[in-house]
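Asker: Supplied structure: structure16.tsv, TSV, N, CA and C atoms.
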chain	number	residue	atom	x	y	z
A	568	MET	N	4.42	8.90	-4.32
A	568	MET	CA	5.61	9.70	-4.49
A	568	MET	C	6.37	9.84	-3.18
A	569	GLN	N	5.66	9.96	-2.07
A	569	GLN	CA	6.33	10.10	-0.78
A	569	GLN	C	7.06	8.82	-0.39
A	570	TRP	N	6.47	7.67	-0.72
A	570	TRP	CA	7.11	6.41	-0.38
A	570	TRP	C	8.41	6.24	-1.13
A	571	SER	N	8.44	6.65	-2.38
A	571	SER	CA	9.68	6.52	-3.14
A	571	SER	C	10.77	7.44	-2.57
A	572	LEU	N	10.39	8.63	-2.12
A	572	LEU	CA	11.36	9.52	-1.49
A	572	LEU	C	11.89	8.93	-0.19
A	573	ILE	N	11.00	8.38	0.62
A	573	ILE	CA	11.41	7.77	1.88
A	573	ILE	C	12.32	6.58	1.63
A	574	LEU	N	11.95	5.72	0.69
A	574	LEU	CA	12.79	4.56	0.37
A	574	LEU	C	14.14	4.98	-0.19
A	575	SER	N	14.16	6.02	-0.99
A	575	SER	CA	15.43	6.52	-1.53
A	575	SER	C	16.33	7.03	-0.41
A	576	LEU	N	15.75	7.76	0.53
A	576	LEU	CA	16.54	8.26	1.65
A	576	LEU	C	17.08	7.12	2.51
A	577	VAL	N	16.25	6.13	2.79
A	577	VAL	CA	16.69	4.97	3.58
A	577	VAL	C	17.82	4.25	2.85
A	578	PHE	N	17.66	4.05	1.55
A	578	PHE	CA	18.69	3.38	0.76
A	578	PHE	C	19.99	4.19	0.77
A	579	ALA	N	19.89	5.51	0.66
A	579	ALA	CA	21.07	6.37	0.68
A	579	ALA	C	21.78	6.30	2.03
A	580	ILE	N	21.00	6.26	3.11
A	580	ILE	CA	21.60	6.16	4.45
A	580	ILE	C	22.31	4.83	4.61
A	581	ILE	N	21.69	3.75	4.14
A	581	ILE	CA	22.32	2.42	4.23
A	581	ILE	C	23.63	2.40	3.45
A	582	ILE	N	23.63	2.96	2.26
A	582	ILE	CA	24.86	3.00	1.46
A	582	ILE	C	25.93	3.85	2.15
A	583	ALA	N	25.53	4.99	2.70
A	583	ALA	CA	26.49	5.86	3.38
A	583	ALA	C	27.12	5.15	4.59
A	584	VAL	N	26.30	4.48	5.40
A	584	VAL	CA	26.83	3.75	6.57
A	584	VAL	C	27.75	2.63	6.11
A	585	PHE	N	27.34	1.89	5.09
A	585	PHE	CA	28.16	0.80	4.56
A	585	PHE	C	29.49	1.34	4.04
A	586	ALA	N	29.44	2.48	3.36
A	586	ALA	CA	30.65	3.07	2.81
A	586	ALA	C	31.58	3.55	3.93
A	587	ILE	N	31.01	4.14	4.97
A	587	ILE	CA	31.83	4.63	6.07
A	587	ILE	C	32.53	3.49	6.80
A	588	LEU	N	31.87	2.34	6.88
A	588	LEU	CA	32.46	1.19	7.56
A	588	LEU	C	33.56	0.53	6.72
A	589	ASN	N	33.66	0.86	5.45
A	589	ASN	CA	34.64	0.24	4.55
A	589	ASN	C	35.55	1.33	3.98
A	590	VAL	N	36.57	1.72	4.77
A	590	VAL	CA	37.43	2.82	4.35
A	590	VAL	C	38.81	2.35	3.88
A	591	GLU	N	39.09	1.06	3.93
A	591	GLU	CA	40.42	0.60	3.53
A	591	GLU	C	40.62	0.77	2.02
A	592	SER	N	41.89	0.81	1.62
A	592	SER	CA	42.24	0.99	0.22
A	592	SER	C	42.14	-0.34	-0.50
A	593	VAL	N	41.60	-0.29	-1.71
A	593	VAL	CA	41.48	-1.50	-2.53
A	593	VAL	C	42.05	-1.21	-3.92
A	594	GLN	N	42.46	-2.30	-4.58
A	594	GLN	CA	42.96	-2.16	-5.94
A	594	GLN	C	41.78	-2.26	-6.90
A	595	VAL	N	41.67	-1.28	-7.80
A	595	VAL	CA	40.61	-1.24	-8.79
A	595	VAL	C	41.26	-1.44	-10.16
A	596	ASN	N	40.78	-2.45	-10.90
A	596	ASN	CA	41.32	-2.75	-12.22
A	596	ASN	C	40.45	-2.12	-13.29
A	597	TYR	N	41.05	-1.27	-14.10
A	597	TYR	CA	40.37	-0.65	-15.22
A	597	TYR	C	40.81	-1.36	-16.50
A	598	LEU	N	40.20	-1.02	-17.58
A	598	LEU	CA	40.63	-1.57	-18.87
A	598	LEU	C	42.03	-1.09	-19.24
A	599	PHE	N	42.36	0.11	-18.80
A	599	PHE	CA	43.62	0.72	-19.18
A	599	PHE	C	44.64	0.76	-18.05
A	600	GLY	N	44.37	0.13	-16.92
A	600	GLY	CA	45.32	0.12	-15.82
A	600	GLY	C	44.67	-0.23	-14.49
A	601	THR	N	45.42	0.01	-13.43
A	601	THR	CA	44.91	-0.25	-12.08
A	601	THR	C	45.17	0.98	-11.21
A	602	ALA	N	44.42	1.05	-10.12
A	602	ALA	CA	44.61	2.14	-9.16
A	602	ALA	C	44.22	1.64	-7.78
A	603	HIS	N	44.81	2.25	-6.77
A	603	HIS	CA	44.43	1.97	-5.38
A	603	HIS	C	43.57	3.13	-4.91
A	604	LEU	N	42.32	2.81	-4.57
A	604	LEU	CA	41.37	3.82	-4.13
A	604	LEU	C	40.74	3.37	-2.82
A	605	PRO	N	40.31	4.33	-2.00
A	605	PRO	CA	39.57	3.95	-0.79
A	605	PRO	C	38.24	3.28	-1.20
A	606	LEU	N	37.91	2.22	-0.49
A	606	LEU	CA	36.69	1.48	-0.82
A	606	LEU	C	35.45	2.36	-0.71
A	607	ILE	N	35.49	3.35	0.18
A	607	ILE	CA	34.35	4.25	0.33
A	607	ILE	C	34.07	4.99	-0.98
A	608	LEU	N	35.13	5.40	-1.69
A	608	LEU	CA	34.95	6.08	-2.97
A	608	LEU	C	34.38	5.14	-4.03
A	609	VAL	N	34.86	3.91	-4.03
A	609	VAL	CA	34.36	2.93	-5.00
A	609	VAL	C	32.88	2.66	-4.77
A	610	ILE	N	32.49	2.50	-3.51
A	610	ILE	CA	31.09	2.23	-3.18
A	610	ILE	C	30.21	3.42	-3.55
A	611	LEU	N	30.63	4.62	-3.14
A	611	LEU	CA	29.82	5.80	-3.44
A	611	LEU	C	29.74	6.08	-4.93
A	612	PHE	N	30.86	5.89	-5.66
A	612	PHE	CA	30.84	6.11	-7.11
A	612	PHE	C	29.92	5.13	-7.81
A	613	THR	N	29.99	3.86	-7.44
A	613	THR	CA	29.11	2.88	-8.10
A	613	THR	C	27.65	3.11	-7.74
A	614	ALA	N	27.38	3.53	-6.51
A	614	ALA	CA	26.00	3.84	-6.13
A	614	ALA	C	25.49	5.04	-6.92
A	615	PHE	N	26.33	6.07	-7.05
A	615	PHE	CA	25.95	7.25	-7.83
A	615	PHE	C	25.75	6.89	-9.30
A	616	LEU	N	26.65	6.07	-9.83
A	616	LEU	CA	26.53	5.66	-11.23
A	616	LEU	C	25.23	4.87	-11.46
A	617	GLY	N	24.90	3.98	-10.55
A	617	GLY	CA	23.64	3.23	-10.66
A	617	GLY	C	22.42	4.13	-10.58
A	618	ALA	N	22.47	5.11	-9.68
A	618	ALA	CA	21.35	6.06	-9.56
A	618	ALA	C	21.23	6.91	-10.82
A	619	ALA	N	22.36	7.33	-11.38
A	619	ALA	CA	22.33	8.14	-12.60
A	619	ALA	C	21.76	7.35	-13.77
A	620	ILE	N	22.19	6.11	-13.91
A	620	ILE	CA	21.67	5.27	-15.00
A	620	ILE	C	20.16	5.05	-14.83
A	621	SER	N	19.74	4.76	-13.61
A	621	SER	CA	18.31	4.58	-13.35
A	621	SER	C	17.53	5.85	-13.64
A	622	GLY	N	18.10	6.99	-13.28
A	622	GLY	CA	17.44	8.27	-13.54
A	622	GLY	C	17.30	8.54	-15.03
A	623	PHE	N	18.36	8.24	-15.80
A	623	PHE	CA	18.29	8.45	-17.25
A	623	PHE	C	17.27	7.52	-17.89
A	624	ILE	N	17.20	6.29	-17.43
A	624	ILE	CA	16.20	5.35	-17.97
A	624	ILE	C	14.79	5.85	-17.65
A	625	ALA	N	14.58	6.30	-16.41
A	625	ALA	CA	13.26	6.82	-16.02
A	625	ALA	C	12.92	8.06	-16.83
A	626	MET	N	13.89	8.94	-17.06
A	626	MET	CA	13.65	10.15	-17.84
A	626	MET	C	13.30	9.79	-19.28
A	627	PHE	N	14.01	8.83	-19.86
A	627	PHE	CA	13.73	8.40	-21.22
A	627	PHE	C	12.31	7.83	-21.33
A	628	ARG	N	11.93	7.00	-20.37
A	628	ARG	CA	10.57	6.43	-20.38
A	628	ARG	C	9.52	7.51	-20.22
A	629	SER	N	9.80	8.50	-19.38
A	629	SER	CA	8.86	9.61	-19.17
A	629	SER	C	8.69	10.42	-20.46
A	630	ILE	N	9.79	10.71	-21.13
A	630	ILE	CA	9.71	11.46	-22.39
A	630	ILE	C	8.93	10.66	-23.43
A	631	LYS	N	9.20	9.37	-23.50
A	631	LYS	CA	8.49	8.51	-24.45
A	631	LYS	C	6.99	8.47	-24.13
A	632	ALA	N	6.65	8.37	-22.86
A	632	ALA	CA	5.23	8.35	-22.46
A	632	ALA	C	4.56	9.68	-22.78
A	633	ASN	N	5.25	10.79	-22.55
A	633	ASN	CA	4.68	12.11	-22.86
A	633	ASN	C	4.45	12.29	-24.35
A	634	ARG	N	5.36	11.79	-25.18
A	634	ARG	CA	5.16	11.85	-26.63
A	634	ARG	C	3.93	11.04	-27.03
A	635	HIS	N	3.80	9.86	-26.44
A	635	HIS	CA	2.63	9.02	-26.75
A	635	HIS	C	1.34	9.70	-26.32
A	636	ILE	N	1.36	10.32	-25.15
A	636	ILE	CA	0.18	11.05	-24.66
A	636	ILE	C	-0.18	12.18	-25.62
A	637	ASN	N	0.83	12.92	-26.09
A	637	ASN	CA	0.55	14.01	-27.03
A	637	ASN	C	-0.02	13.50	-28.34
A	638	GLU	N	0.49	12.35	-28.83
A	638	GLU	CA	-0.07	11.75	-30.05
A	638	GLU	C	-1.53	11.36	-29.83
A	639	LEU	N	-1.83	10.78	-28.67
A	639	LEU	CA	-3.20	10.38	-28.37
A	639	LEU	C	-4.12	11.60	-28.24
A	640	LYS	N	-3.60	12.69	-27.68
A	640	LYS	CA	-4.41	13.91	-27.57
A	640	LYS	C	-4.74	14.47	-28.95
A	641	LYS	N	-3.75	14.45	-29.86
A	641	LYS	CA	-4.00	14.92	-31.22
A	641	LYS	C	-5.04	14.04	-31.91
A	642	GLU	N	-4.91	12.73	-31.71
A	642	GLU	CA	-5.88	11.79	-32.30
A	642	GLU	C	-7.27	12.03	-31.73
A	643	MET	N	-7.36	12.26	-30.43
A	643	MET	CA	-8.64	12.51	-29.79
A	643	MET	C	-9.27	13.80	-30.30
A	644	THR	N	-8.46	14.84	-30.47
A	644	THR	CA	-8.97	16.11	-30.99
A	644	THR	C	-9.51	15.93	-32.40
A	645	ALA	N	-8.78	15.18	-33.24
A	645	ALA	CA	-9.25	14.94	-34.61
A	645	ALA	C	-10.57	14.17	-34.61
A	646	LYS	N	-10.69	13.18	-33.73
A	646	LYS	CA	-11.93	12.40	-33.66
A	646	LYS	C	-13.08	13.24	-33.11
A	647	GLU	N	-12.79	14.14	-32.17
A	647	GLU	CA	-13.83	15.03	-31.66
A	647	GLU	C	-14.35	15.95	-32.75
A	648	ILE	N	-13.44	16.40	-33.61
A	648	ILE	CA	-13.86	17.25	-34.74
A	648	ILE	C	-14.75	16.46	-35.69
A	649	ILE	N	-14.37	15.21	-35.96
A	649	ILE	CA	-15.19	14.35	-36.83
A	649	ILE	C	-16.57	14.14	-36.22
A	650	ILE	N	-16.62	13.87	-34.93
A	650	ILE	CA	-17.90	13.66	-34.24
A	650	ILE	C	-18.76	14.91	-34.31
A	651	ALA	N	-18.15	16.08	-34.06
A	651	ALA	CA	-18.91	17.33	-34.12
A	651	ALA	C	-19.45	17.58	-35.52
A	652	THR	N	-18.64	17.29	-36.53
A	652	THR	CA	-19.10	17.46	-37.91
A	652	THR	C	-20.26	16.54	-38.22
A	653	GLN	N	-20.16	15.30	-37.80
A	653	GLN	CA	-21.24	14.34	-38.04
A	653	GLN	C	-22.50	14.72	-37.27
A	654	GLN	N	-22.36	15.22	-36.06
A	654	GLN	CA	-23.52	15.66	-35.30
A	654	GLN	C	-24.20	16.85	-35.98
A	655	ASN	N	-23.41	17.76	-36.53
A	655	ASN	CA	-23.98	18.90	-37.26
A	655	ASN	C	-24.71	18.43	-38.51
A	656	GLU	N	-24.13	17.45	-39.21
A	656	GLU	CA	-24.79	16.90	-40.40
A	656	GLU	C	-26.10	16.22	-40.03
A	657	MET	N	-26.12	15.47	-38.93
A	657	MET	CA	-27.34	14.81	-38.48
A	657	MET	C	-28.41	15.83	-38.11
A	658	ALA	N	-28.00	16.89	-37.42
A	658	ALA	CA	-28.96	17.93	-37.03
A	658	ALA	C	-29.53	18.62	-38.26
A	659	ALA	N	-28.69	18.85	-39.27
A	659	ALA	CA	-29.17	19.48	-40.50
A	659	ALA	C	-30.14	18.56	-41.23
A	660	LEU	N	-29.84	17.27	-41.28
A	660	LEU	CA	-30.74	16.31	-41.93
A	660	LEU	C	-32.07	16.21	-41.19
A	661	GLN	N	-32.02	16.21	-39.88
A	661	GLN	CA	-33.26	16.16	-39.10
A	661	GLN	C	-34.07	17.42	-39.31
A	662	HIS	N	-33.40	18.55	-39.39
A	662	HIS	CA	-34.09	19.82	-39.62
A	662	HIS	C	-34.73	19.84	-41.01
A	663	ASP	N	-34.04	19.30	-42.00
A	663	ASP	CA	-34.59	19.24	-43.36
A	663	ASP	C	-35.79	18.31	-43.43
A	664	ASN	N	-35.79	17.23	-42.67
A	664	ASN	CA	-36.86	16.23	-42.72
A	664	ASN	C	-38.05	16.58	-41.85
A	665	GLU	N	-37.96	17.62	-41.03
A	665	GLU	CA	-39.09	17.98	-40.15
A	665	GLU	C	-40.29	18.46	-40.93
A	666	GLY	N	-40.12	19.20	-41.98
A	666	GLY	CA	-41.24	19.74	-42.74
A	666	GLY	C	-41.77	18.79	-43.80
A	667	LYS	N	-41.09	17.70	-44.10
A	667	LYS	CA	-41.50	16.78	-45.15
A	667	LYS	C	-42.49	15.76	-44.59
A	668	PRO	N	-43.46	15.37	-45.42
A	668	PRO	CA	-44.40	14.35	-44.95
A	668	PRO	C	-43.75	12.97	-44.90
A	669	ASP	N	-44.33	12.13	-44.09
A	669	ASP	CA	-43.84	10.76	-43.93
A	669	ASP	C	-44.22	9.95	-45.16
A	670	ASN	N	-43.30	9.23	-45.75
A	670	ASN	CA	-43.54	8.48	-46.97
A	670	ASN	C	-43.99	7.05	-46.73
A	671	THR	N	-44.30	6.69	-45.53
A	671	THR	CA	-44.70	5.32	-45.26
A	671	THR	C	-46.18	5.14	-45.65
A	672	ASP	N	-46.48	4.05	-46.30
A	672	ASP	CA	-47.86	3.72	-46.71
A	672	ASP	C	-48.52	2.95	-45.60
A	673	GLU	N	-49.68	3.38	-45.20
A	673	GLU	CA	-50.43	2.64	-44.19
A	673	GLU	C	-51.45	1.78	-44.91
A	674	LYS	N	-51.39	0.49	-44.72
A	674	LYS	CA	-52.32	-0.43	-45.39
A	674	LYS	C	-53.14	-1.17	-44.40
Render the structure in this file as structure tokens.

Answerer:
Amino acid sequence: MQWSLILSLVFAIIIAVFAILNVESVQVNYLFGTAHLPLILVILFTAFLGAAISGFIAMFRSIKANRHINELKKEMTAKEIIIATQQNEMAALQHDNEGKPDNTDEK
């Protein structure tokens, strides 16, 4: 976790320095028109947009993984109940068979 924070900070610093070095105005073409914006804004906006998209994808994957974990926990709990029931049945059968004589014929 610390490495990802350090790498994120280094990447943010690199983007900030790159953006500061590119302050001239550029023409940006949209689907509905054009605009002249400082290149620093274009760089920072696209970097922010990329980070936001990556964050949403990571959040979606995390939610999906947590749902899967919860499903597995429910399945594990159900299987533990089955195991406990079967162990109780085995103990009851063993207890019932303790007082009975052995039916094996010795020849």

Asker: Could you please write out, as a list of chain:residue names, every residue of chain A that DSSP assigns to strand (DSSP E)?

Answerer: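 Of chain A, the ones in strand (DSSP E) are A:Ser592, A:Val593, A:Gln594, A:Val595, A:Asn596, A:Thr601, A:Ala602, A:His603, A:Leu604, A:Pro605.
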
Asker: Could you give me, as a PDB file with N, CA and C atoms, in the frame of the given file, the residues within 8 Å of stretch 581-585 of chain A, counting all atoms listed in the file and dropping anything in the same chain fewer than 2 positions from it?

Answerer:
ATOM      1  N   SER A 575      14.160   6.020  -0.990  1.00  0.00           N
ATOM      2  CA  SER A 575      15.430   6.520  -1.530  1.00  0.00           C
ATOM      3  C   SER A 575      16.330   7.030  -0.410  1.00  0.00           C
ATOM      4  N   LEU A 576      15.750   7.760   0.530  1.00  0.00           N
ATOM      5  CA  LEU A 576      16.540   8.260   1.650  1.00  0.00           C
ATOM      6  C   LEU A 576      17.080   7.120   2.510  1.00  0.00           C
ATOM      7  N   VAL A 577      16.250   6.130   2.790  1.00  0.00           N
ATOM      8  CA  VAL A 577      16.690   4.970   3.580  1.00  0.00           C
ATOM      9  C   VAL A 577      17.820   4.250   2.850  1.00  0.00           C
ATOM     10  N   PHE A 578      17.660   4.050   1.550  1.00  0.00           N
ATOM     11  CA  PHE A 578      18.690   3.380   0.760  1.00  0.00           C
ATOM     12  C   PHE A 578      19.990   4.190   0.770  1.00  0.00           C
ATOM     13  N   ALA A 579      19.890   5.510   0.660  1.00  0.00           N
ATOM     14  CA  ALA A 579      21.070   6.370   0.680  1.00  0.00           C
ATOM     15  C   ALA A 579      21.780   6.300   2.030  1.00  0.00           C
ATOM     16  N   ILE A 587      31.010   4.140   4.970  1.00  0.00           N
ATOM     17  CA  ILE A 587      31.830   4.630   6.070  1.00  0.00           C
ATOM     18  C   ILE A 587      32.530   3.490   6.800  1.00  0.00           C
ATOM     19  N   LEU A 588      31.870   2.340   6.880  1.00  0.00           N
ATOM     20  CA  LEU A 588      32.460   1.190   7.560  1.00  0.00           C
ATOM     21  C   LEU A 588      33.560   0.530   6.720  1.00  0.00           C
ATOM     22  N   ASN A 589      33.660   0.860   5.450  1.00  0.00           N
ATOM     23  CA  ASN A 589      34.640   0.240   4.550  1.00  0.00           C
ATOM     24  C   ASN A 589      35.550   1.330   3.980  1.00  0.00           C
ATOM     25  N   VAL A 590      36.570   1.720   4.770  1.00  0.00           N
ATOM     26  CA  VAL A 590      37.430   2.820   4.350  1.00  0.00           C
ATOM     27  C   VAL A 590      38.810   2.350   3.880  1.00  0.00           C
ATOM     28  N   LEU A 606      37.910   2.220  -0.490  1.00  0.00           N
ATOM     29  CA  LEU A 606      36.690   1.480  -0.820  1.00  0.00           C
ATOM     30  C   LEU A 606      35.450   2.360  -0.710  1.00  0.00           C
ATOM     31  N   ILE A 607      35.490   3.350   0.180  1.00  0.00           N
ATOM     32  CA  ILE A 607      34.350   4.250   0.330  1.00  0.00           C
ATOM     33  C   ILE A 607      34.070   4.990  -0.980  1.00  0.00           C
ATOM     34  N   ILE A 610      32.490   2.500  -3.510  1.00  0.00           N
ATOM     35  CA  ILE A 610      31.090   2.230  -3.180  1.00  0.00           C
ATOM     36  C   ILE A 610      30.210   3.420  -3.550  1.00  0.00           C
ATOM     37  N   LEU A 611      30.630   4.620  -3.140  1.00  0.00           N
ATOM     38  CA  LEU A 611      29.820   5.800  -3.440  1.00  0.00           C
ATOM     39  C   LEU A 611      29.740   6.080  -4.930  1.00  0.00           C
ATOM     40  N   ALA A 614      27.380   3.530  -6.510  1.00  0.00           N
ATOM     41  CA  ALA A 614      26.000   3.840  -6.130  1.00  0.00           C
ATOM     42  C   ALA A 614      25.490   5.040  -6.920  1.00  0.00           C
TER      43      ALA A 614
END

Asker: Could you go through stretch 593-652 of chain A and tell me which residues DSSP, when run on the backbone, assigns to alpha helix (DSSP H), listing them as number ranges by chain?

Answerer: A: 606-652

Asker: What's the 7 Å shell around A:Leu604, counting all atoms listed in the file, without same-chain residues fewer than 5 positions away, as a ChimeraX atom specification?

Answerer: /A:591-595,609

Asker: Calculate how many Å separate atom CA of A:Ile620 from atom CA of A:Leu574, rounding to one decimal.

Answerer: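 We find that atom CA of A:Ile620 and atom CA of A:Leu574 lie 17.8 Å from each other.
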
Asker: Which centre and edge lengths in Å to one decimal define the box along x, y and z that fits every listed atom of stretch 580-595 of chain A plus 4 Å per side, as AutoDock Vina command-line options?

Answerer:
--center_x 32.0 --center_y 2.0 --center_z -1.3 --size_x 30.0 --size_y 16.6 --size_z 25.7

Asker: Quick one: distance from atom C of A:Trp570 to atom N of A:Ser629 in Å, one decimal?

Answerer: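 So the two atoms, atom C of A:Trp570 and atom N of A:Ser629, lie 18.4 Å apart.
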
Asker: Could you state the separation of atom CA of A:Met643 and atom CA of A:Ile624 in Å, given to one decimal place?

Answerer: 28.4 Å
